$ cat work06.csv   # CSV, C-alpha atoms and all ligand atoms
chain,number,residue,atom,x,y,z
A,5,MET,CA,-11.0,11.2,51.5
A,6,ARG,CA,-10.4,14.5,49.9
A,7,LYS,CA,-11.1,15.6,46.4
A,8,PHE,CA,-11.2,19.1,45.1
A,9,GLU,CA,-10.3,21.5,42.3
A,10,PHE,CA,-9.1,25.0,42.9
A,11,TYR,CA,-9.2,28.1,40.6
A,12,SER,CA,-7.9,31.6,41.0
A,13,SER,CA,-6.4,34.4,39.0
A,14,SER,CA,-3.1,33.5,37.6
A,15,ARG,CA,-1.6,36.6,39.1
A,16,ILE,CA,-2.6,38.8,42.0
A,17,VAL,CA,-0.7,42.1,42.6
A,18,PHE,CA,-1.6,43.3,46.1
A,19,GLY,CA,-0.4,46.4,47.9
A,20,ARG,CA,-0.6,50.1,48.6
A,21,GLY,CA,0.4,52.1,45.5
A,22,GLU,CA,0.5,49.1,43.2
A,23,ILE,CA,-1.9,50.8,40.8
A,24,SER,CA,1.2,52.6,39.5
A,25,ARG,CA,2.2,49.4,37.7
A,26,LEU,CA,-1.0,49.3,35.6
A,27,GLY,CA,0.5,50.7,32.4
A,28,GLU,CA,3.3,48.2,32.4
A,29,LEU,CA,0.9,45.3,33.2
A,30,ALA,CA,-1.5,46.3,30.4
A,31,ALA,CA,1.2,46.7,27.8
A,32,GLN,CA,2.2,43.1,28.3
A,33,PHE,CA,-1.1,42.1,26.7
A,34,GLY,CA,-1.7,44.6,23.9
A,35,LYS,CA,-1.7,48.1,22.5
A,36,SER,CA,-5.4,49.1,22.7
A,37,VAL,CA,-7.2,49.1,26.0
A,38,LEU,CA,-11.0,49.2,26.7
A,39,VAL,CA,-11.5,50.5,30.3
A,40,ILE,CA,-14.9,49.8,31.8
A,41,HIS,CA,-15.2,51.8,35.0
A,42,ASN,CA,-17.5,53.3,37.7
A,43,GLY,CA,-16.7,55.2,40.8
A,44,SER,CA,-14.7,58.4,41.1
A,45,ALA,CA,-13.5,60.6,38.3
A,46,ALA,CA,-10.2,61.1,40.1
A,47,ILE,CA,-9.3,57.4,39.9
A,48,ALA,CA,-10.3,57.3,36.2
A,49,ASP,CA,-8.1,60.3,35.5
A,50,ARG,CA,-5.2,58.6,37.3
A,51,VAL,CA,-5.6,55.5,35.2
A,52,ARG,CA,-5.8,57.6,32.0
A,53,GLN,CA,-2.4,59.0,32.9
A,54,LEU,CA,-1.0,55.6,33.7
A,55,LEU,CA,-2.1,54.3,30.3
A,56,VAL,CA,-0.8,57.3,28.3
A,57,ALA,CA,1.6,55.1,26.3
A,58,ILE,CA,-1.2,53.0,24.8
A,59,ARG,CA,-4.5,53.6,23.1
A,60,VAL,CA,-7.4,53.8,25.5
A,61,GLU,CA,-11.2,53.8,25.2
A,62,PHE,CA,-13.2,54.5,28.4
A,63,VAL,CA,-16.8,53.2,28.9
A,64,ARG,CA,-18.7,54.2,32.0
A,65,GLN,CA,-20.7,51.5,33.7
A,66,LYS,CA,-23.7,53.0,35.4
A,67,GLY,CA,-25.3,50.8,38.1
A,68,GLU,CA,-25.2,47.1,38.0
A,69,PRO,CA,-24.5,45.7,34.5
A,70,ARG,CA,-27.4,44.7,32.4
A,71,VAL,CA,-27.4,42.8,29.2
A,72,ASP,CA,-27.6,46.0,27.1
A,73,ASP,CA,-24.6,47.5,28.9
A,74,VAL,CA,-22.4,44.5,28.1
A,75,ASP,CA,-23.5,44.3,24.4
A,76,ARG,CA,-22.9,48.0,24.0
A,77,ALA,CA,-19.4,47.8,25.5
A,78,VAL,CA,-18.6,44.8,23.3
A,79,ALA,CA,-19.5,46.8,20.2
A,80,ILE,CA,-17.2,49.6,21.3
A,81,GLY,CA,-14.4,47.2,22.0
A,82,ARG,CA,-14.8,45.7,18.5
A,83,GLN,CA,-15.0,49.1,16.8
A,84,HIS,CA,-11.7,50.2,18.4
A,85,ARG,CA,-10.1,46.8,17.9
A,86,CYS,CA,-9.2,46.6,21.6
A,87,ASP,CA,-6.9,43.8,22.6
A,88,VAL,CA,-7.0,44.3,26.4
A,89,VAL,CA,-9.8,45.0,28.8
A,90,ILE,CA,-9.6,46.7,32.2
A,91,GLY,CA,-12.4,46.6,34.8
A,92,LEU,CA,-11.9,49.5,37.2
A,93,GLY,CA,-14.2,50.2,40.1
A,94,GLY,CA,-16.8,48.2,42.2
A,95,GLY,CA,-18.0,44.8,41.4
A,96,SER,CA,-20.4,46.1,38.7
A,97,ALA,CA,-17.6,47.5,36.5
A,98,ILE,CA,-15.4,44.5,37.1
A,99,ASP,CA,-18.2,42.0,36.2
A,100,ALA,CA,-19.1,44.0,33.1
A,101,ALA,CA,-15.4,43.9,32.0
A,102,LYS,CA,-15.3,40.2,32.7
A,103,ALA,CA,-18.3,39.5,30.5
A,104,VAL,CA,-17.1,41.9,27.8
A,105,ALA,CA,-13.7,40.2,27.6
A,106,GLY,CA,-15.4,36.8,27.3
A,107,LEU,CA,-17.8,38.0,24.5
A,108,LEU,CA,-15.1,39.8,22.5
A,109,THR,CA,-13.4,36.4,21.8
A,110,ASN,CA,-16.4,34.0,21.9
A,111,GLY,CA,-18.8,36.1,19.8
A,112,GLY,CA,-22.6,36.3,20.0
A,113,GLN,CA,-24.8,38.2,22.4
A,114,THR,CA,-24.7,38.4,26.2
A,115,THR,CA,-27.9,36.4,26.6
A,116,ASP,CA,-26.4,33.5,24.6
A,117,TYR,CA,-24.2,32.7,27.6
A,118,MET,CA,-26.4,33.5,30.5
A,119,GLU,CA,-27.4,30.8,33.0
A,120,VAL,CA,-31.1,30.4,34.0
A,121,VAL,CA,-32.5,33.2,31.9
A,122,GLY,CA,-30.4,32.8,28.7
A,123,LYS,CA,-29.3,30.1,26.4
A,124,GLY,CA,-26.6,28.9,28.8
A,125,MET,CA,-24.0,28.4,26.0
A,126,LYS,CA,-20.4,27.6,27.2
A,127,ILE,CA,-17.6,30.1,27.0
A,128,THR,CA,-15.2,27.8,25.1
A,129,ARG,CA,-12.4,30.3,24.1
A,130,PRO,CA,-10.1,32.2,26.4
A,131,ALA,CA,-11.4,35.7,27.1
A,132,LEU,CA,-9.5,38.7,25.8
A,133,PRO,CA,-6.7,39.3,28.4
A,134,TRP,CA,-8.2,41.5,31.1
A,135,ILE,CA,-7.1,43.2,34.3
A,136,ALA,CA,-9.3,43.7,37.3
A,137,VAL,CA,-8.7,46.8,39.5
A,138,PRO,CA,-11.2,46.8,42.4
A,139,THR,CA,-11.8,50.1,44.2
A,140,THR,CA,-14.4,48.8,46.7
A,141,ALA,CA,-13.8,46.0,49.1
A,142,GLY,CA,-16.7,43.7,48.7
A,143,THR,CA,-17.7,41.3,45.9
A,144,GLY,CA,-14.3,39.8,45.3
A,145,ALA,CA,-15.2,39.9,41.6
A,146,GLU,CA,-11.6,40.5,40.7
A,147,VAL,CA,-10.8,36.8,41.3
A,148,THR,CA,-14.1,35.1,40.4
A,149,ARG,CA,-15.0,33.4,37.1
A,150,ASN,CA,-18.6,34.5,36.9
A,151,ALA,CA,-20.1,37.8,35.9
A,152,VAL,CA,-23.5,38.7,37.3
A,153,ILE,CA,-25.7,40.4,34.7
A,154,GLY,CA,-29.2,41.8,35.0
A,155,VAL,CA,-32.0,41.1,32.6
A,156,PRO,CA,-34.5,44.0,33.2
A,157,GLU,CA,-37.5,42.5,31.3
A,158,LYS,CA,-37.3,39.3,33.4
A,159,GLN,CA,-36.5,41.2,36.7
A,160,PHE,CA,-33.7,38.7,37.3
A,161,LYS,CA,-30.0,38.6,37.7
A,162,ALA,CA,-28.0,35.6,36.5
A,163,SER,CA,-24.4,34.7,35.6
A,164,ILE,CA,-22.1,34.2,32.7
A,165,ARG,CA,-19.6,31.6,34.0
A,166,GLY,CA,-16.5,29.8,32.9
A,167,GLU,CA,-12.9,29.2,33.8
A,168,HIS,CA,-11.9,31.2,30.7
A,169,LEU,CA,-13.3,34.4,32.3
A,170,VAL,CA,-10.7,34.6,35.0
A,171,ALA,CA,-8.6,37.8,35.0
A,172,LYS,CA,-5.0,37.6,33.8
A,173,VAL,CA,-4.1,40.0,36.7
A,174,ALA,CA,-6.0,41.3,39.7
A,175,VAL,CA,-4.4,44.6,40.9
A,176,VAL,CA,-5.6,45.2,44.4
A,177,ASP,CA,-4.5,48.5,45.8
A,178,PRO,CA,-6.0,49.4,49.2
A,179,GLU,CA,-5.3,53.1,48.7
A,180,LEU,CA,-8.0,53.1,46.0
A,181,GLY,CA,-10.6,52.5,48.7
A,182,LEU,CA,-9.8,55.7,50.7
A,183,ASN,CA,-12.6,57.7,49.1
A,184,VAL,CA,-15.3,55.1,49.2
A,185,PRO,CA,-18.3,56.5,51.1
A,186,PRO,CA,-19.3,54.9,54.5
A,187,ASP,CA,-22.6,53.4,53.3
A,188,VAL,CA,-20.8,51.7,50.3
A,189,THR,CA,-18.0,50.6,52.7
A,190,ALA,CA,-20.6,49.0,55.0
A,191,ALA,CA,-22.6,47.2,52.4
A,192,SER,CA,-19.6,46.0,50.4
A,193,GLY,CA,-17.9,44.8,53.5
A,194,MET,CA,-20.9,42.9,54.7
A,195,ASP,CA,-21.1,41.2,51.3
A,196,ALA,CA,-17.5,40.1,51.8
A,197,LEU,CA,-18.0,38.8,55.3
A,198,CYS,CA,-21.2,37.0,54.2
A,199,GLN,CA,-19.4,35.4,51.3
A,200,LEU,CA,-16.6,34.2,53.6
A,201,ILE,CA,-19.0,32.7,56.1
A,202,GLU,CA,-21.2,31.1,53.5
A,203,SER,CA,-18.3,29.6,51.7
A,204,TYR,CA,-16.8,28.3,55.0
A,205,THR,CA,-20.1,26.5,55.8
A,206,SER,CA,-21.0,25.6,52.2
A,207,THR,CA,-21.4,22.0,51.1
A,208,GLY,CA,-18.6,22.7,48.6
A,209,ALA,CA,-16.1,23.9,51.2
A,210,GLY,CA,-12.6,22.3,51.0
A,211,PRO,CA,-9.3,22.5,52.8
A,212,VAL,CA,-7.9,25.4,50.7
A,213,THR,CA,-11.0,27.5,50.9
A,214,ASP,CA,-11.4,26.8,54.6
A,215,ALA,CA,-8.0,28.3,55.4
A,216,LEU,CA,-8.6,31.3,53.2
A,217,ALA,CA,-12.2,31.9,54.5
A,218,MET,CA,-11.2,31.8,58.2
A,219,GLN,CA,-8.4,34.3,57.5
A,220,GLY,CA,-10.9,36.5,55.7
A,221,VAL,CA,-13.4,36.3,58.5
A,222,GLU,CA,-10.8,37.4,61.0
A,223,LEU,CA,-9.7,40.3,58.8
A,224,ALA,CA,-13.3,41.5,58.1
A,225,GLY,CA,-14.4,41.0,61.7
A,226,GLY,CA,-11.6,43.1,63.0
A,227,SER,CA,-11.6,45.9,60.4
A,228,LEU,CA,-15.0,46.5,58.8
A,229,LEU,CA,-16.3,48.8,61.5
A,230,LYS,CA,-13.0,50.7,61.6
A,231,ALA,CA,-13.1,51.3,57.8
A,232,TYR,CA,-16.7,52.5,58.2
A,233,GLN,CA,-16.1,54.8,61.1
A,234,ASN,CA,-12.8,56.2,59.7
A,235,GLY,CA,-12.5,56.0,55.9
A,236,ASN,CA,-8.9,57.1,56.1
A,237,ASP,CA,-7.8,54.2,58.2
A,238,LEU,CA,-5.5,52.6,55.6
A,239,ASP,CA,-4.7,49.6,57.7
A,240,ALA,CA,-8.5,48.8,57.9
A,241,ARG,CA,-8.9,49.5,54.2
A,242,GLU,CA,-6.0,47.1,53.5
A,243,ASN,CA,-7.5,44.4,55.7
A,244,MET,CA,-10.9,44.8,54.0
A,245,ALA,CA,-9.4,44.7,50.5
A,246,LEU,CA,-7.7,41.4,51.4
A,247,ALA,CA,-10.8,40.0,53.0
A,248,ALA,CA,-12.9,40.8,50.0
A,249,MET,CA,-10.4,39.3,47.6
A,250,LEU,CA,-10.2,36.1,49.7
A,251,SER,CA,-14.0,36.0,49.7
A,252,GLY,CA,-14.0,36.0,45.9
A,253,ILE,CA,-11.5,33.1,45.9
A,254,THR,CA,-13.5,31.1,48.4
A,255,LEU,CA,-17.0,31.7,46.8
A,256,SER,CA,-15.8,30.8,43.3
A,257,ASN,CA,-14.4,27.5,44.6
A,258,ALA,CA,-16.7,26.5,47.4
A,259,GLY,CA,-20.0,28.1,46.5
A,260,LEU,CA,-22.3,30.2,48.8
A,261,GLY,CA,-25.6,29.5,50.5
A,262,ALA,CA,-29.1,30.7,51.3
A,263,VAL,CA,-28.3,34.4,51.8
A,264,HIS,CA,-27.0,34.6,48.2
A,265,GLY,CA,-29.8,32.3,47.1
A,266,LEU,CA,-32.3,34.9,48.3
A,267,ALA,CA,-30.2,37.8,47.2
A,268,ALA,CA,-30.4,36.8,43.5
A,269,PRO,CA,-34.2,37.4,43.0
A,270,LEU,CA,-34.3,40.3,45.5
A,271,GLY,CA,-31.6,42.1,43.7
A,272,GLY,CA,-33.3,41.5,40.3
A,273,LYS,CA,-36.6,42.9,41.3
A,274,PHE,CA,-35.9,45.6,43.9
A,275,PRO,CA,-33.4,48.5,43.9
A,276,VAL,CA,-31.5,47.3,46.9
A,277,PRO,CA,-27.7,47.1,47.1
A,278,HIS,CA,-26.5,43.5,47.2
A,279,GLY,CA,-24.5,44.0,50.3
A,280,VAL,CA,-27.5,45.4,52.2
A,281,VAL,CA,-29.4,42.2,51.4
A,282,CYS,CA,-26.5,40.1,52.6
A,283,ALA,CA,-26.2,42.0,55.9
A,284,ALA,CA,-30.0,42.0,56.5
A,285,LEU,CA,-30.4,38.3,56.0
A,286,LEU,CA,-27.1,36.8,57.3
A,287,PRO,CA,-28.0,36.5,61.0
A,288,TRP,CA,-31.4,35.0,60.2
A,289,VAL,CA,-30.0,32.5,57.7
A,290,ILE,CA,-27.4,31.4,60.2
A,291,GLN,CA,-30.2,31.0,62.8
A,292,ALA,CA,-32.3,28.9,60.4
A,293,ASN,CA,-29.4,26.8,59.4
A,294,VAL,CA,-28.4,26.1,63.0
A,295,GLN,CA,-32.0,25.1,63.9
A,296,ALA,CA,-32.2,22.8,60.9
A,297,ALA,CA,-28.7,21.3,61.6
A,298,THR,CA,-29.7,20.6,65.2
A,299,HIS,CA,-32.5,18.3,64.0
A,300,ASP,CA,-30.2,16.6,61.5
A,301,PRO,CA,-28.0,13.7,62.5
A,302,ALA,CA,-25.4,14.9,60.1
A,303,GLY,CA,-25.6,18.5,61.3
A,304,GLN,CA,-22.9,18.4,64.0
A,305,LYS,CA,-20.2,19.4,61.4
A,306,VAL,CA,-22.3,22.4,60.4
A,307,LEU,CA,-22.8,23.5,64.0
A,308,HIS,CA,-19.1,23.2,64.7
A,309,ARG,CA,-18.3,25.4,61.7
A,310,TYR,CA,-20.6,28.2,62.8
A,311,ALA,CA,-19.1,27.9,66.3
A,312,GLN,CA,-15.6,28.4,64.8
A,313,VAL,CA,-16.8,31.5,63.1
A,314,GLY,CA,-18.3,32.7,66.4
A,315,ARG,CA,-15.0,32.2,68.2
A,316,VAL,CA,-13.1,34.2,65.6
A,317,LEU,CA,-15.6,37.0,65.4
A,318,SER,CA,-15.9,37.3,69.2
A,319,GLY,CA,-12.2,36.7,69.9
A,320,ARG,CA,-13.3,34.1,72.5
A,321,ASN,CA,-11.5,30.9,71.9
A,322,ASP,CA,-12.7,29.5,75.2
A,323,LEU,CA,-16.4,29.3,74.2
A,324,ASP,CA,-18.0,25.9,73.8
A,325,ASP,CA,-20.0,25.3,70.6
A,326,PRO,CA,-23.4,26.5,71.9
A,327,ALA,CA,-22.0,29.7,73.3
A,328,ALA,CA,-19.8,30.3,70.2
A,329,ILE,CA,-22.8,29.8,67.9
A,330,SER,CA,-24.8,32.4,69.8
A,331,ALA,CA,-21.7,34.7,69.6
A,332,CYS,CA,-21.6,34.2,65.8
A,333,ILE,CA,-25.3,35.2,65.4
A,334,GLN,CA,-24.9,38.2,67.7
A,335,ALA,CA,-21.7,39.4,66.1
A,336,VAL,CA,-23.1,39.5,62.5
A,337,GLY,CA,-26.4,41.0,63.6
A,338,GLY,CA,-24.7,43.5,65.9
A,339,LEU,CA,-22.2,44.5,63.1
A,340,ALA,CA,-25.1,45.2,60.7
A,341,ARG,CA,-26.7,47.4,63.3
A,342,GLN,CA,-23.5,49.3,64.0
A,343,LEU,CA,-23.0,49.8,60.3
A,344,ASN,CA,-26.6,51.3,60.1
A,345,ILE,CA,-27.7,48.7,57.5
A,346,PRO,CA,-31.4,49.5,56.8
A,347,PRO,CA,-34.0,46.7,56.9
A,348,LEU,CA,-35.2,45.4,53.5
A,349,GLY,CA,-38.6,46.9,54.1
A,350,LYS,CA,-37.0,50.3,53.3
A,351,PHE,CA,-36.5,49.2,49.7
A,352,GLY,CA,-40.1,48.4,48.9
A,353,ILE,CA,-39.8,44.7,49.8
A,354,GLN,CA,-43.0,43.6,51.7
A,355,ASP,CA,-44.4,40.5,53.2
A,356,GLN,CA,-46.6,40.0,50.1
A,357,HIS,CA,-43.5,39.5,48.0
A,358,VAL,CA,-42.1,36.7,50.2
A,359,PRO,CA,-43.7,33.6,48.5
A,360,GLU,CA,-42.5,34.7,45.0
A,361,MET,CA,-39.0,35.5,46.2
A,362,VAL,CA,-38.7,32.3,48.2
A,363,SER,CA,-39.9,30.3,45.2
A,364,LEU,CA,-37.3,31.9,42.9
A,365,ALA,CA,-34.5,31.6,45.5
A,366,ARG,CA,-35.0,27.9,45.7
A,367,LYS,CA,-34.0,27.6,42.1
A,368,SER,CA,-30.9,29.8,42.3
A,369,SER,CA,-27.4,28.4,41.9
A,370,SER,CA,-26.3,29.4,45.4
A,371,MET,CA,-29.1,27.6,47.3
A,372,ARG,CA,-27.8,24.2,46.5
A,373,TYR,CA,-24.6,24.9,48.5
A,374,ASN,CA,-26.5,25.8,51.7
A,375,PRO,CA,-25.2,23.4,54.4
A,376,VAL,CA,-28.7,22.1,55.2
A,377,ALA,CA,-32.0,21.9,53.3
A,378,LEU,CA,-34.2,24.8,54.4
A,379,SER,CA,-38.0,24.4,54.1
A,380,GLU,CA,-40.1,27.0,52.2
A,381,GLU,CA,-41.5,28.2,55.5
A,382,SER,CA,-38.1,28.6,57.1
A,383,LEU,CA,-36.9,30.7,54.1
A,384,ALA,CA,-40.0,32.7,54.3
A,385,GLU,CA,-39.4,33.4,58.0
A,386,VAL,CA,-35.8,34.4,57.2
A,387,LEU,CA,-37.0,36.9,54.6
A,388,ARG,CA,-39.8,38.3,56.7
A,389,ASN,CA,-37.3,39.0,59.5
A,390,GLY,CA,-35.0,40.7,57.0
A,391,ILE,CA,-37.8,42.9,55.9
A,392,ALA,CA,-38.7,43.9,59.4
A,393,GLY,CA,-35.1,44.4,60.4
A,394,SER,CA,-34.2,46.2,63.6
A,395,PRO,CA,-34.6,45.6,66.5
A,396,ARG,CA,-35.1,41.9,65.7
A,397,GLN,CA,-32.3,42.1,63.1
A,398,ALA,CA,-29.8,43.4,65.7
A,399,ALA,CA,-29.7,40.5,68.0
A,400,PRO,CA,-31.7,37.4,67.0
A,401,ASP,CA,-31.7,34.5,69.3
A,402,GLN,CA,-29.6,36.0,72.1
A,403,SER,CA,-29.9,33.0,74.3
A,404,GLY,CA,-29.1,30.4,71.7
A,405,ALA,CA,-32.1,28.6,73.2
A,406,ALA,CA,-33.7,27.9,69.9
A,407,TRP,CA,-31.2,25.3,68.9
A,408,ARG,CA,-30.0,23.9,72.2
B,501,FE,FE,-22.2,38.6,47.4
$ encode --input "work06.csv" --output "structure tokens"
Amino acid sequence: MRKFEFYSSSRIVFGRGEISRLGELAAQFGKSVLVIHNGSAAIADRVRQLLVAIRVEFVRQKGEPRVDDVDRAVAIGRQHRCDVVIGLGGGSAIDAAKAVAGLLTNGGQTTDYMEVVGKGMKITRPALPWIAVPTTAGTGAEVTRNAVIGVPEKQFKASIRGEHLVAKVAVVDPELGLNVPPDVTAASGMDALCQLIESYTSTGAGPVTDALAMQGVELAGGSLLKAYQNGNDLDARENMALAAMLSGITLSNAGLGAVHGLAAPLGGKFPVPHGVVCAALLPWVIQANVQAATHDPAGQKVLHRYAQVGRVLSGRNDLDDPAAISACIQAVGGLARQLNIPPLGKFGIQDQHVPEMVSLARKSSSMRYNPVALSEESLAEVLRNGIAGSPRQAAPDQSGAAWR
């Protein structure tokens, strides 16, 4: 028996050069635009020229959005009576724009609507019309209905969430990714791949998200290293832009898993890029999930899903499930090594932090979608391995013997 709901942006405009339509698209919704951006000045200038026919106010988003950033941008939007918002840049700018669009029509302060660390009030009114224009290929924030916001005094990141927060239009132009530096390409791309794999194996997975996730895994598996090694490879950039967008659709409908469960407290307390956390932990979480599923009578379905991912990433359709699962773990670990993803220890995360991080991770929203229940000790081992990183990160469990 099947039962599911499915959300996405009402309109996705995808393709090389499609940014040129931004003026026409924004004018459909209003006359005064608030652009929240990060990334290159060249792209911001290009957008300024595209919006020359309407009033524009630019706000720069520095780093990942925090409560104060959102409240400040909302005040600017009110002051200039903006009726359209554009989020331009990486996931940080897009999530900030999403939250600002929601607050401009729902009123109040950012913390009023935040899960876990705020009042958790519902977004009940449609957000101000907003357009998402991603420049990095990673979070898929252009098509999700939650904005991740940091609360510095609590050293925690949490979401504002609601169906009213979905963008009116997502403009995904792969050419905007051409100048993204290799380390950002690597971390963002591993975030996308991780989101695709976690949503494919999530307890919330469904038939629509399965199809999209597997297409995304194939795209990211075939193109991430190419985009990292040659930033001008536009075919690779296009494939990654599509994979990232698909990951946003699948995560917002299917949920994620233990990697993102651990990423929430780690990202709140330590200055580590989200995609680096994903890359460092993904092989170890897969290994832990496989071990737990092997000892669970209902775990066969989970094992079969990891095997499917392994076949796609290795291009080896002939592999049986045990060999394909080993291929899956080796592929994600090997990719992180080829992308020169540093271990988490490089960011000040130490073994002494493990108990606190694991305890917080168990309460995070992503953890409940992990395909199997992981013990506290199992999560602690995952995190210790992510802290130590290479060479163990590169190829954990090469024999597959741990779960056979
Ligand atoms: Fe993510």
$ atom_distance --input "work06.csv" --atom1 "CA of Leu260 (chain A)" --atom2 "CA of Phe274 (chain A)"
21.1 Å
$ closest_atom_pairs --input "work06.csv" --of "chain A" --to "ligand FE 501 (chain B)" --cutoff "6 Å" --atoms "only C-alpha atoms and all ligand atoms" --output "tab-separated table"
residue	atom	partner	partner_atom	distance
A:Thr143	CA	B:FE501	FE	5.5
A:Asp195	CA	B:FE501	FE	4.8
A:Gln199	CA	B:FE501	FE	5.8
$ residues_around --input "work06.csv" --residues "Asp239 (chain A)" --least-positions-apart "6" --cutoff "12 Å" --atoms "only C-alpha atoms" --output "PyMOL selection string"
chain A and resi 19-20+177-179+181-182+223-224+226-228+230-231+245-246
$ closest_residue --input "work06.csv" --among "A:Ala311, A:Ala247, A:Val147, A:Ala258" --to "Pro211 (chain A)" --atoms "only C-alpha atoms"
A:Ala258
$ residues_around --input "work06.csv" --residues "region 57-74 of chain A" --least-positions-apart "3" --cutoff "9 Å" --atoms "all atoms listed in the file" --output "PyMOL selection string"
chain A and resi 27+30-31+34-43+48+52-54+77-81+84+86+95-97+99-101+103-104+107+113-115+152-156+161
$ closest_residue --input "work06.csv" --among "A:Val316, A:Cys332, A:Asp324, A:Val263" --to "Leu387 (chain A)" --atoms "all atoms listed in the file"
A:Val263
$ decode --input "work06.csv" --residues "region 92-107 of chain A" --atoms "N, CA, C and O atoms" --output "mmCIF file, in the first residue's frame"
data_model
loop_
_atom_site.group_PDB
_atom_site.id
_atom_site.type_symbol
_atom_site.label_atom_id
_atom_site.label_comp_id
_atom_site.auth_asym_id
_atom_site.auth_seq_id
_atom_site.Cartn_x
_atom_site.Cartn_y
_atom_site.Cartn_z
ATOM 1 N N LEU A 92 20.225 34.886 -3.815
ATOM 2 C CA LEU A 92 21.215 34.684 -4.872
ATOM 3 C C LEU A 92 22.530 34.208 -4.267
ATOM 4 O O LEU A 92 23.151 34.939 -3.487
ATOM 5 N N GLY A 93 22.943 32.993 -4.590
ATOM 6 C CA GLY A 93 24.235 32.527 -4.081
ATOM 7 C C GLY A 93 24.181 31.095 -3.607
ATOM 8 O O GLY A 93 23.450 30.256 -4.152
ATOM 9 N N GLY A 94 24.976 30.800 -2.566
ATOM 10 C CA GLY A 94 24.977 29.462 -1.986
ATOM 11 C C GLY A 94 23.778 29.265 -1.067
ATOM 12 O O GLY A 94 22.919 30.151 -0.936
ATOM 13 N N GLY A 95 23.730 28.119 -0.437
ATOM 14 C CA GLY A 95 22.588 27.785 0.418
ATOM 15 C C GLY A 95 22.349 28.798 1.528
ATOM 16 O O GLY A 95 21.204 29.014 1.940
ATOM 17 N N SER A 96 23.422 29.447 2.001
ATOM 18 C CA SER A 96 23.267 30.419 3.093
ATOM 19 C C SER A 96 22.416 31.606 2.661
ATOM 20 O O SER A 96 21.518 32.044 3.390
ATOM 21 N N ALA A 97 22.690 32.152 1.476
ATOM 22 C CA ALA A 97 21.920 33.298 0.979
ATOM 23 C C ALA A 97 20.490 32.881 0.658
ATOM 24 O O ALA A 97 19.525 33.628 0.909
ATOM 25 N N ILE A 98 20.350 31.692 0.119
ATOM 26 C CA ILE A 98 19.009 31.238 -0.272
ATOM 27 C C ILE A 98 18.147 30.946 0.957
ATOM 28 O O ILE A 98 16.975 31.321 1.010
ATOM 29 N N ASP A 99 18.738 30.319 1.960
ATOM 30 C CA ASP A 99 17.976 30.065 3.186
ATOM 31 C C ASP A 99 17.622 31.372 3.902
ATOM 32 O O ASP A 99 16.518 31.511 4.453
ATOM 33 N N ALA A 100 18.557 32.333 3.882
ATOM 34 C CA ALA A 100 18.257 33.633 4.496
ATOM 35 C C ALA A 100 17.076 34.276 3.780
ATOM 36 O O ALA A 100 16.133 34.770 4.422
ATOM 37 N N ALA A 101 17.091 34.268 2.446
ATOM 38 C CA ALA A 101 15.997 34.869 1.663
ATOM 39 C C ALA A 101 14.665 34.181 1.954
ATOM 40 O O ALA A 101 13.613 34.824 2.074
ATOM 41 N N LYS A 102 14.726 32.877 2.091
ATOM 42 C CA LYS A 102 13.516 32.087 2.366
ATOM 43 C C LYS A 102 12.899 32.498 3.709
ATOM 44 O O LYS A 102 11.680 32.727 3.807
ATOM 45 N N ALA A 103 13.749 32.617 4.719
ATOM 46 C CA ALA A 103 13.259 33.010 6.045
ATOM 47 C C ALA A 103 12.738 34.450 6.022
ATOM 48 O O ALA A 103 11.685 34.751 6.599
ATOM 49 N N VAL A 104 13.450 35.336 5.328
ATOM 50 C CA VAL A 104 13.048 36.740 5.257
ATOM 51 C C VAL A 104 11.688 36.862 4.552
ATOM 52 O O VAL A 104 10.794 37.582 5.016
ATOM 53 N N ALA A 105 11.512 36.147 3.451
ATOM 54 C CA ALA A 105 10.231 36.187 2.727
ATOM 55 C C ALA A 105 9.091 35.727 3.639
ATOM 56 O O ALA A 105 7.989 36.292 3.616
ATOM 57 N N GLY A 106 9.357 34.711 4.452
ATOM 58 C CA GLY A 106 8.326 34.214 5.373
ATOM 59 C C GLY A 106 8.006 35.209 6.469
ATOM 60 O O GLY A 106 6.835 35.451 6.794
ATOM 61 N N LEU A 107 9.045 35.827 7.024
ATOM 62 C CA LEU A 107 8.810 36.772 8.138
ATOM 63 C C LEU A 107 8.157 38.070 7.676
ATOM 64 O O LEU A 107 7.413 38.688 8.431
#
